[in-house]
Number of protein chains: 2
Amino acid sequence: MTEGIWHGGDLARARALFPDAPTPWIDLSTGINPIPYPLPPLPLSLWQRLPGADDEAALLAAARTAYRVPAAAGVVAAPGTQILIDLLPRVLPALVGAGPVAVLGPTYAEHALAWRQAGAAVIETATLAGADDAASMVVVNPNNPDGRSLPAGDLARLAARCAARGGMLILDEAFADFKPEASLLPGLPAATIVLRSFGKTYGLAGVRLGFAIGETGATAALRAAMGPWAVAGPALAVGTQALADTGWLAQAGAARAADAARLDALLSPLGRIVGGTALFRLLAAPAAPSLFAHLGRHGIYVRRFQNETTWLRFGLPGDAAAWGRLEAALASFVPPVDSA
Amino acid sequence: MTEGIWHGGDLARARALFPDAPTPWIDLSTGINPIPYPLPPLPLSLWQRLPGADDEAALLAAARTAYRVPAAAGVVAAPGTQILIDLLPRVLPALVGAGPVAVLGPTYAEHALAWRQAGAAVIETATLAGADDAASMVVVNPNNPDGRSLPAGDLARLAARCAARGGMLILDEAFADFKPEASLLPGLPAATIVLRSFGKTYGLAGVRLGFAIGETGATAALRAAMGPWAVAGPALAVGTQALADTGWLAQAGAARAADAARLDALLSPLGRIVGGTALFRLLAAPAAPSLFAHLGRHGIYVRRFQNETTWLRFGLPGDAAAWGRLEAALASFVPPVDSA
């Protein structure tokens with residue numbers, strides 16, 4: 001049922017589109033940090049035994065500190081944020097009945113899909129005014145793919161309006177780790193669920209680890225839908241260690257910000273940098289479809305968009321070879337005459 | 001919400017109950033194979049990138065072959081079987097409305113809990129006759145903890161009755177890998193969902209991998225509730241390789257059957273062997289509470305039962321040291337006079 005939505009990261013699709021491209025593929029189609037947190041040693045026991053309640057508690061404690069979670073709020077860990085997006089409308093069916101759910105977009109498409117599948121009336125709007133009739137709202141903040149960040153005051157007002165209407169504010173902070181001042185935590189308003197993602201910032205998307213933070217009734221309902229061992233033992237161990245490593249986060253944030261500036265300098269001659277985060281940049285250019293194909297033929301996979309054909313999102317190259325191939329491919333691109 | 005249910009495997013509880021026990025703890029409280037499938041090398045890319053659609057497809061193909069899934073049936077992979085148990089009543093709400101759900105017990109307690117949480121009327125029955133009024137049934141086959149196996153003909157009749165009543169047969173085959181003749185696959189009846197678990201047989205419970213097999217509408221609904229990347233990249237790779245390794249399965253099954261016979265010989269003097277599988281044995285003995293405490297003081301953790309106080313379930317020791325400590329501890333046990 002999600003086959004219709006394009007996602008980054010599926011290189012099988014890139015290989016099918018460009019079977020003659022040089023390898024290895026350079027995958028810039030995601031917002032995943034290409035320099036991962038160094039995997040700690042993982043004792044065999046983490047693979048062998050069921051994760052213990054103490055392992056889960058240690059992870060949740062690390063998440064509370066890293067994300068500055070208010071003491072009264074609940075935290076639940078999941079095998080990735082995506083499953084939380086899919087479960088939220090199912091475990092909180094009262095939200096579907098409370099009224100329309102507005103998704104501030106364009107943004108990550110799975111939010112709207114999950115609410116529609118649960119029977120909600122979904123309003124996809126590019127402006128806050130377009131959400132005036134909504135009981136609940138989904139805001140990805142900072143936003144993917146354009147990096148748009150709403151001020152905390154605006155978000156608090158949205159949360160209060162949702163609360164008054166029996167709805168909730170779903171705030172997806174998947175890209176807030178490198179921009180902690182953009183997070184609504186620790187001042188979490190009522191009727192607000194914050195989603196945090198481990199894999200992108202720490203470059204370990206295959207681990208599958210995400211969090212929902214909010215009122216304890218909501219987080220307990222999510223936990224009940226997944227049961228006691230939904231997060232793998234190695235994921236609990238890696239997450240617990242990485243979330244406590246504030247030194248790594250600081251240096252990685254600075255390094256990726258420098259990479260993002262370097263990427264902007266490469267892309268600016270080709271169009272307009274709409275925005276982004278330290279992990280991806282969004283380019284708007286009339287020649288985007290041609291550029292996508294040109295890069296694909298050079299073994300470089302970037303993210304295009306079904307409804308925004310002039311956009312391309314670029315993740316960060318991870319090493320000198322990838323930077324070199326990207327620079328060379330961009331330098332050899334000649335836009336078609338009709339898009340110049 | 002599962003705090004009230006006792007599970008094996010949580011050594012933190014053992015340490016709290018017996019703080020002065022010698023270490024390392026010998027955990028016999030689970031049905032997890034103590035000799036795991038050898039972990040293959042796991043390239044860093046499995047941790048870094050989102051699992052691809054091709055990775056998931058490869059796992060599902062391996063599962064279809066290993067479990068002998070009929071071509072027309074759907075298969076969905078999940079981060080462990082537990083989440084499937086919790087999601088089933090939520091994604092198939094019509095079953096809750098169709099009538100009572102009978103759970104043939106005593107068995108794994110999370111089945112009844114999940115259906116109760118979803119609002120179903122749950123009948124826990126020790127006999128098939130006790131399920132006569134049920135629209136749906138849950139049967140763990142072979143059963144945990146007593147190893148009871150129903151004949152395929154009985155199961156097919158139950159499935160047909162459930163189908164006629166608008167219900168389904170939920171058949172948990174978590175312990176069928178070493179006893180493939182007990183599986184209702186490949187002759188899967190209509191209105192039947194079969195659950196298969198990876199972690200127990202392959203000794204890798206921390207990986208979190210399980211499967212639901214049945215009509216495509218049901219498996220697609222489960223997949224939609226979890227989204228596209230619920231199973232971690234390393235889990236997909238380990239599962240794909242292990243499920244195709246029929247040689248390992250055959251030798252492991254023979255070795256564990258020999259271990260189970262050795263365990264029976266040790267336990268028989270203490271009571272009655274109710275049954276079990278190649279991965280655990282169930283002992284019935286009036287002195288079970290004393291034996292549990294005696295073993296705990298020797299750093300050996302076995303599984304006791306809230307509602308069956310004369311039962312203890314023993315998993316298999318994993319090495320000579322564990323066998324030796326178990327033999328010594330059993331030999332030094334003196335039942336209390338009032339339970340002799």
# chains A, B, ... in the order shown; residues from 1 in each chain; ligands from 1
>>> interface_residues(of="chain B", to="chain A", cutoff="7 Å", atoms="only C-alpha atoms", output="MDAnalysis selection string")
chainID B and resid 1 9:10 12 36 46:54 79:80 82:83 86:87 203:208 224:227 230 232:233
>>> write_last_selection(atoms="N, CA and C atoms", output="CSV table (one decimal), in the first residue's frame")
chain,number,residue,atom,x,y,z
B,1,MET,N,1.6,-2.4,30.1
B,1,MET,CA,0.4,-3.2,30.3
B,1,MET,C,0.7,-4.7,30.4
B,9,GLY,N,13.4,-15.1,30.3
B,9,GLY,CA,14.4,-14.3,29.6
B,9,GLY,C,14.8,-13.0,30.3
B,10,ASP,N,14.0,-12.5,31.3
B,10,ASP,CA,14.4,-11.2,31.8
B,10,ASP,C,15.3,-11.5,33.1
B,12,ALA,N,17.1,-9.6,34.7
B,12,ALA,CA,17.1,-8.6,35.7
B,12,ALA,C,16.2,-9.1,36.9
B,36,PRO,N,23.3,-20.7,19.0
B,36,PRO,CA,22.7,-19.9,17.9
B,36,PRO,C,23.2,-20.2,16.6
B,46,LEU,N,24.4,-2.5,6.0
B,46,LEU,CA,23.2,-3.0,6.5
B,46,LEU,C,22.7,-2.2,7.7
B,47,TRP,N,23.6,-1.6,8.4
B,47,TRP,CA,23.3,-0.7,9.5
B,47,TRP,C,23.0,0.7,9.0
B,48,GLN,N,23.7,1.1,8.0
B,48,GLN,CA,23.6,2.5,7.6
B,48,GLN,C,22.4,2.8,6.8
B,49,ARG,N,22.0,2.0,5.8
B,49,ARG,CA,20.9,2.4,4.9
B,49,ARG,C,19.6,1.8,5.3
B,50,LEU,N,18.5,2.5,4.9
B,50,LEU,CA,17.2,1.9,5.0
B,50,LEU,C,17.2,0.5,4.3
B,51,PRO,N,16.5,-0.5,4.9
B,51,PRO,CA,16.4,-1.7,4.2
B,51,PRO,C,15.7,-1.5,2.9
B,52,GLY,N,16.2,-2.1,1.8
B,52,GLY,CA,15.6,-1.9,0.5
B,52,GLY,C,14.4,-2.9,0.3
B,53,ALA,N,13.6,-2.6,-0.7
B,53,ALA,CA,12.5,-3.5,-1.0
B,53,ALA,C,13.0,-4.8,-1.5
B,54,ASP,N,14.2,-4.9,-2.1
B,54,ASP,CA,14.8,-6.1,-2.6
B,54,ASP,C,15.3,-7.0,-1.4
B,79,PRO,N,9.1,-7.2,13.2
B,79,PRO,CA,10.2,-7.3,14.2
B,79,PRO,C,9.8,-8.2,15.4
B,80,GLY,N,9.7,-9.5,15.2
B,80,GLY,CA,9.3,-10.4,16.2
B,80,GLY,C,7.8,-10.8,16.0
B,82,GLN,N,5.8,-11.2,18.5
B,82,GLN,CA,5.0,-10.5,19.5
B,82,GLN,C,4.2,-9.4,19.0
B,83,ILE,N,4.8,-8.6,18.1
B,83,ILE,CA,4.1,-7.4,17.6
B,83,ILE,C,2.9,-7.9,16.7
B,86,ASP,N,0.1,-8.7,18.9
B,86,ASP,CA,-0.6,-7.4,19.4
B,86,ASP,C,-1.4,-6.7,18.3
B,87,LEU,N,-0.9,-6.8,17.1
B,87,LEU,CA,-1.5,-6.1,16.0
B,87,LEU,C,-2.7,-6.8,15.4
B,203,GLY,N,18.2,-19.4,17.8
B,203,GLY,CA,18.9,-18.9,19.0
B,203,GLY,C,19.3,-17.4,18.9
B,204,LEU,N,18.5,-16.6,18.2
B,204,LEU,CA,18.8,-15.2,17.9
B,204,LEU,C,17.6,-14.4,18.2
B,205,ALA,N,17.1,-14.5,19.5
B,205,ALA,CA,15.8,-13.8,19.8
B,205,ALA,C,16.0,-12.3,19.8
B,206,GLY,N,17.2,-11.8,20.0
B,206,GLY,CA,17.5,-10.3,20.0
B,206,GLY,C,17.4,-9.7,18.7
B,207,VAL,N,17.4,-10.5,17.6
B,207,VAL,CA,17.3,-10.0,16.2
B,207,VAL,C,15.9,-9.4,16.0
B,208,ARG,N,14.9,-10.0,16.6
B,208,ARG,CA,13.5,-9.6,16.4
B,208,ARG,C,13.1,-9.9,15.0
B,224,ALA,N,0.5,-2.9,6.4
B,224,ALA,CA,0.2,-1.5,6.4
B,224,ALA,C,0.3,-0.9,7.8
B,225,ALA,N,0.0,-1.7,8.8
B,225,ALA,CA,0.1,-1.1,10.2
B,225,ALA,C,1.5,-0.9,10.6
B,226,MET,N,2.5,-1.6,10.0
B,226,MET,CA,3.9,-1.5,10.4
B,226,MET,C,4.7,-0.6,9.5
B,227,GLY,N,4.3,-0.4,8.2
B,227,GLY,CA,5.0,0.4,7.3
B,227,GLY,C,6.2,-0.4,6.6
B,230,ALA,N,9.9,-2.0,9.0
B,230,ALA,CA,9.8,-2.4,10.4
B,230,ALA,C,10.9,-3.4,10.8
B,232,ALA,N,14.7,-4.6,10.9
B,232,ALA,CA,16.0,-4.0,10.7
B,232,ALA,C,16.8,-4.6,9.6
B,233,GLY,N,17.8,-3.9,9.0
B,233,GLY,CA,18.6,-4.4,7.9
B,233,GLY,C,19.4,-5.6,8.3
>>> residues_around(residues="Ala61 in chain B", least_positions_apart="6", cutoff="12 Å", atoms="only C-alpha atoms", output="MDAnalysis selection string")
chainID B and resid 54:55 67:71 74:77 236 239:241 243:244
>>> write_last_selection(atoms="C-alpha atoms", output="PDB file, in the first residue's frame")
ATOM      1  CA  ASP B  54      14.790  -6.132  -2.552  1.00  0.00           C
ATOM      2  CA  ASP B  55      16.134  -7.034   0.907  1.00  0.00           C
ATOM      3  CA  TYR B  67       7.971 -22.710   5.829  1.00  0.00           C
ATOM      4  CA  ARG B  68       6.475 -24.307   2.657  1.00  0.00           C
ATOM      5  CA  VAL B  69       4.003 -21.466   2.145  1.00  0.00           C
ATOM      6  CA  PRO B  70       1.321 -22.036  -0.511  1.00  0.00           C
ATOM      7  CA  ALA B  71       1.828 -19.703  -3.473  1.00  0.00           C
ATOM      8  CA  GLY B  74       0.538 -13.815   1.772  1.00  0.00           C
ATOM      9  CA  VAL B  75       3.600 -13.520   4.025  1.00  0.00           C
ATOM     10  CA  VAL B  76       4.528 -10.505   6.123  1.00  0.00           C
ATOM     11  CA  ALA B  77       7.706 -10.086   8.169  1.00  0.00           C
ATOM     12  CA  LEU B 236      16.708  -9.167   7.083  1.00  0.00           C
ATOM     13  CA  GLY B 239      17.051 -14.243   8.457  1.00  0.00           C
ATOM     14  CA  THR B 240      17.484 -14.610   4.708  1.00  0.00           C
ATOM     15  CA  GLN B 241      20.671 -16.604   5.116  1.00  0.00           C
ATOM     16  CA  LEU B 243      16.155 -19.699   6.670  1.00  0.00           C
ATOM     17  CA  ALA B 244      17.840 -21.050   3.529  1.00  0.00           C
TER      18      ALA B 244
END
>>> residues_around(residues="Thr127 in chain A", least_positions_apart="2", cutoff="10 Å", atoms="only C-alpha atoms", output="count of residues only")
9
>>> closest_residue(among="B:Ala255, B:Val337, B:Val194, B:Ala63", to="Phe178 in chain B", atoms="only C-alpha atoms")
B:Ala255
>>> select_by_dssp(residues="range 42-120 of chain A", states="strand (DSSP E)", output="PyMOL selection string")
chain A and resi 74-78+101-104
>>> closest_residue(among="B:Trp6, B:Pro151, B:Leu59, B:Asp259", to="Ala320 in chain B", atoms="only C-alpha atoms")
B:Asp259
>>> residues_around(residues="range 15-22 of chain A", least_positions_apart="3", cutoff="6 Å", atoms="only C-alpha atoms", output="PDB file with all heavy atoms, in the first residue's frame")
ATOM      1  N   ALA A  12      17.653  -0.311  -5.424  1.00  0.00           N
ATOM      2  CA  ALA A  12      17.182  -1.241  -6.457  1.00  0.00           C
ATOM      3  C   ALA A  12      16.435  -0.475  -7.550  1.00  0.00           C
ATOM      4  O   ALA A  12      16.533  -0.797  -8.738  1.00  0.00           O
ATOM      5  CB  ALA A  12      16.272  -2.305  -5.828  1.00  0.00           C
ATOM      6  N   ARG A 297      22.701   8.499 -14.806  1.00  0.00           N
ATOM      7  CA  ARG A 297      23.600   7.860 -15.774  1.00  0.00           C
ATOM      8  C   ARG A 297      25.042   7.874 -15.281  1.00  0.00           C
ATOM      9  O   ARG A 297      25.869   7.094 -15.744  1.00  0.00           O
ATOM     10  CB  ARG A 297      23.485   8.553 -17.140  1.00  0.00           C
ATOM     11  CG  ARG A 297      22.176   8.246 -17.873  1.00  0.00           C
ATOM     12  CD  ARG A 297      22.192   8.757 -19.319  1.00  0.00           C
ATOM     13  NE  ARG A 297      22.305  10.204 -19.397  1.00  0.00           N
ATOM     14  CZ  ARG A 297      21.272  11.047 -19.444  1.00  0.00           C
ATOM     15  NH1 ARG A 297      20.023  10.587 -19.414  1.00  0.00           N
ATOM     16  NH2 ARG A 297      21.473  12.350 -19.515  1.00  0.00           N
ATOM     17  N   HIS A 298      25.344   8.769 -14.332  1.00  0.00           N
ATOM     18  CA  HIS A 298      26.678   8.813 -13.720  1.00  0.00           C
ATOM     19  C   HIS A 298      26.727   8.027 -12.406  1.00  0.00           C
ATOM     20  O   HIS A 298      27.689   8.144 -11.651  1.00  0.00           O
ATOM     21  CB  HIS A 298      27.104  10.265 -13.485  1.00  0.00           C
ATOM     22  CG  HIS A 298      27.505  10.980 -14.745  1.00  0.00           C
ATOM     23  ND1 HIS A 298      26.585  11.403 -15.687  1.00  0.00           N
ATOM     24  CD2 HIS A 298      28.735  11.303 -15.249  1.00  0.00           C
ATOM     25  CE1 HIS A 298      27.223  11.986 -16.698  1.00  0.00           C
ATOM     26  NE2 HIS A 298      28.523  11.937 -16.459  1.00  0.00           N
ATOM     27  N   GLY A 299      25.673   7.272 -12.107  1.00  0.00           N
ATOM     28  CA  GLY A 299      25.691   6.443 -10.900  1.00  0.00           C
ATOM     29  C   GLY A 299      25.450   7.239  -9.624  1.00  0.00           C
ATOM     30  O   GLY A 299      25.897   6.820  -8.557  1.00  0.00           O
TER      31      GLY A 299
END
>>> residues_around(residues="Ser290 in chain B", least_positions_apart="5", cutoff="9 Å", atoms="only C-alpha atoms", output="list of chain:residue names")
B:Leu295, B:Phe333, B:Val334, B:Pro335, B:Pro336
>>> closest_residue(among="A:Gly247, A:Gly324, A:Gly271, A:Pro106", to="Thr310 in chain A", atoms="only C-alpha atoms")
A:Gly271
>>> atom_distance(atom1="CA of Gly214 in chain B", atom2="CA of Val140 in chain B")
15.8 Å
>>> residues_around(residues="Ala98 in chain B", least_positions_apart="2", cutoff="8 Å", atoms="only C-alpha atoms", output="ChimeraX atom specification")
/B:94-96,100,135-136,165-167
>>> write_last_selection(atoms="N, CA, C and O atoms", output="PDB file, in the first residue's frame")
ATOM      1  N   ALA B  94     -12.943  -6.884  12.582  1.00  0.00           N
ATOM      2  CA  ALA B  94     -14.155  -7.664  12.327  1.00  0.00           C
ATOM      3  C   ALA B  94     -14.143  -8.954  13.140  1.00  0.00           C
ATOM      4  O   ALA B  94     -15.206  -9.481  13.502  1.00  0.00           O
ATOM      5  N   LEU B  95     -12.958  -9.467  13.448  1.00  0.00           N
ATOM      6  CA  LEU B  95     -12.888 -10.691  14.248  1.00  0.00           C
ATOM      7  C   LEU B  95     -13.414 -10.449  15.664  1.00  0.00           C
ATOM      8  O   LEU B  95     -14.028 -11.335  16.266  1.00  0.00           O
ATOM      9  N   VAL B  96     -13.132  -9.259  16.196  1.00  0.00           N
ATOM     10  CA  VAL B  96     -13.621  -8.941  17.537  1.00  0.00           C
ATOM     11  C   VAL B  96     -15.149  -8.941  17.543  1.00  0.00           C
ATOM     12  O   VAL B  96     -15.789  -9.398  18.499  1.00  0.00           O
ATOM     13  N   PRO B 100     -16.885 -14.663  20.277  1.00  0.00           N
ATOM     14  CA  PRO B 100     -15.811 -14.937  21.225  1.00  0.00           C
ATOM     15  C   PRO B 100     -14.573 -15.532  20.554  1.00  0.00           C
ATOM     16  O   PRO B 100     -14.668 -16.232  19.538  1.00  0.00           O
ATOM     17  N   ALA B 135     -16.072 -17.943  17.818  1.00  0.00           N
ATOM     18  CA  ALA B 135     -16.016 -17.641  16.389  1.00  0.00           C
ATOM     19  C   ALA B 135     -14.581 -17.734  15.874  1.00  0.00           C
ATOM     20  O   ALA B 135     -14.349 -18.116  14.735  1.00  0.00           O
ATOM     21  N   SER B 136     -13.644 -17.375  16.725  1.00  0.00           N
ATOM     22  CA  SER B 136     -12.228 -17.467  16.360  1.00  0.00           C
ATOM     23  C   SER B 136     -11.498 -18.282  17.416  1.00  0.00           C
ATOM     24  O   SER B 136     -11.966 -18.418  18.549  1.00  0.00           O
ATOM     25  N   ARG B 165     -18.179 -19.061  10.841  1.00  0.00           N
ATOM     26  CA  ARG B 165     -18.706 -18.102  11.820  1.00  0.00           C
ATOM     27  C   ARG B 165     -18.141 -16.691  11.611  1.00  0.00           C
ATOM     28  O   ARG B 165     -18.327 -15.827  12.477  1.00  0.00           O
ATOM     29  N   GLY B 166     -17.452 -16.471  10.520  1.00  0.00           N
ATOM     30  CA  GLY B 166     -16.869 -15.152  10.278  1.00  0.00           C
ATOM     31  C   GLY B 166     -15.632 -14.892  11.099  1.00  0.00           C
ATOM     32  O   GLY B 166     -15.184 -13.742  11.218  1.00  0.00           O
ATOM     33  N   GLY B 167     -15.071 -15.944  11.690  1.00  0.00           N
ATOM     34  CA  GLY B 167     -13.872 -15.780  12.504  1.00  0.00           C
ATOM     35  C   GLY B 167     -12.643 -16.311  11.792  1.00  0.00           C
ATOM     36  O   GLY B 167     -12.651 -16.547  10.581  1.00  0.00           O
TER      37      GLY B 167
END
>>> atom_distance(atom1="CA of Ala328 in chain A", atom2="CA of Gly315 in chain A")
16.6 Å
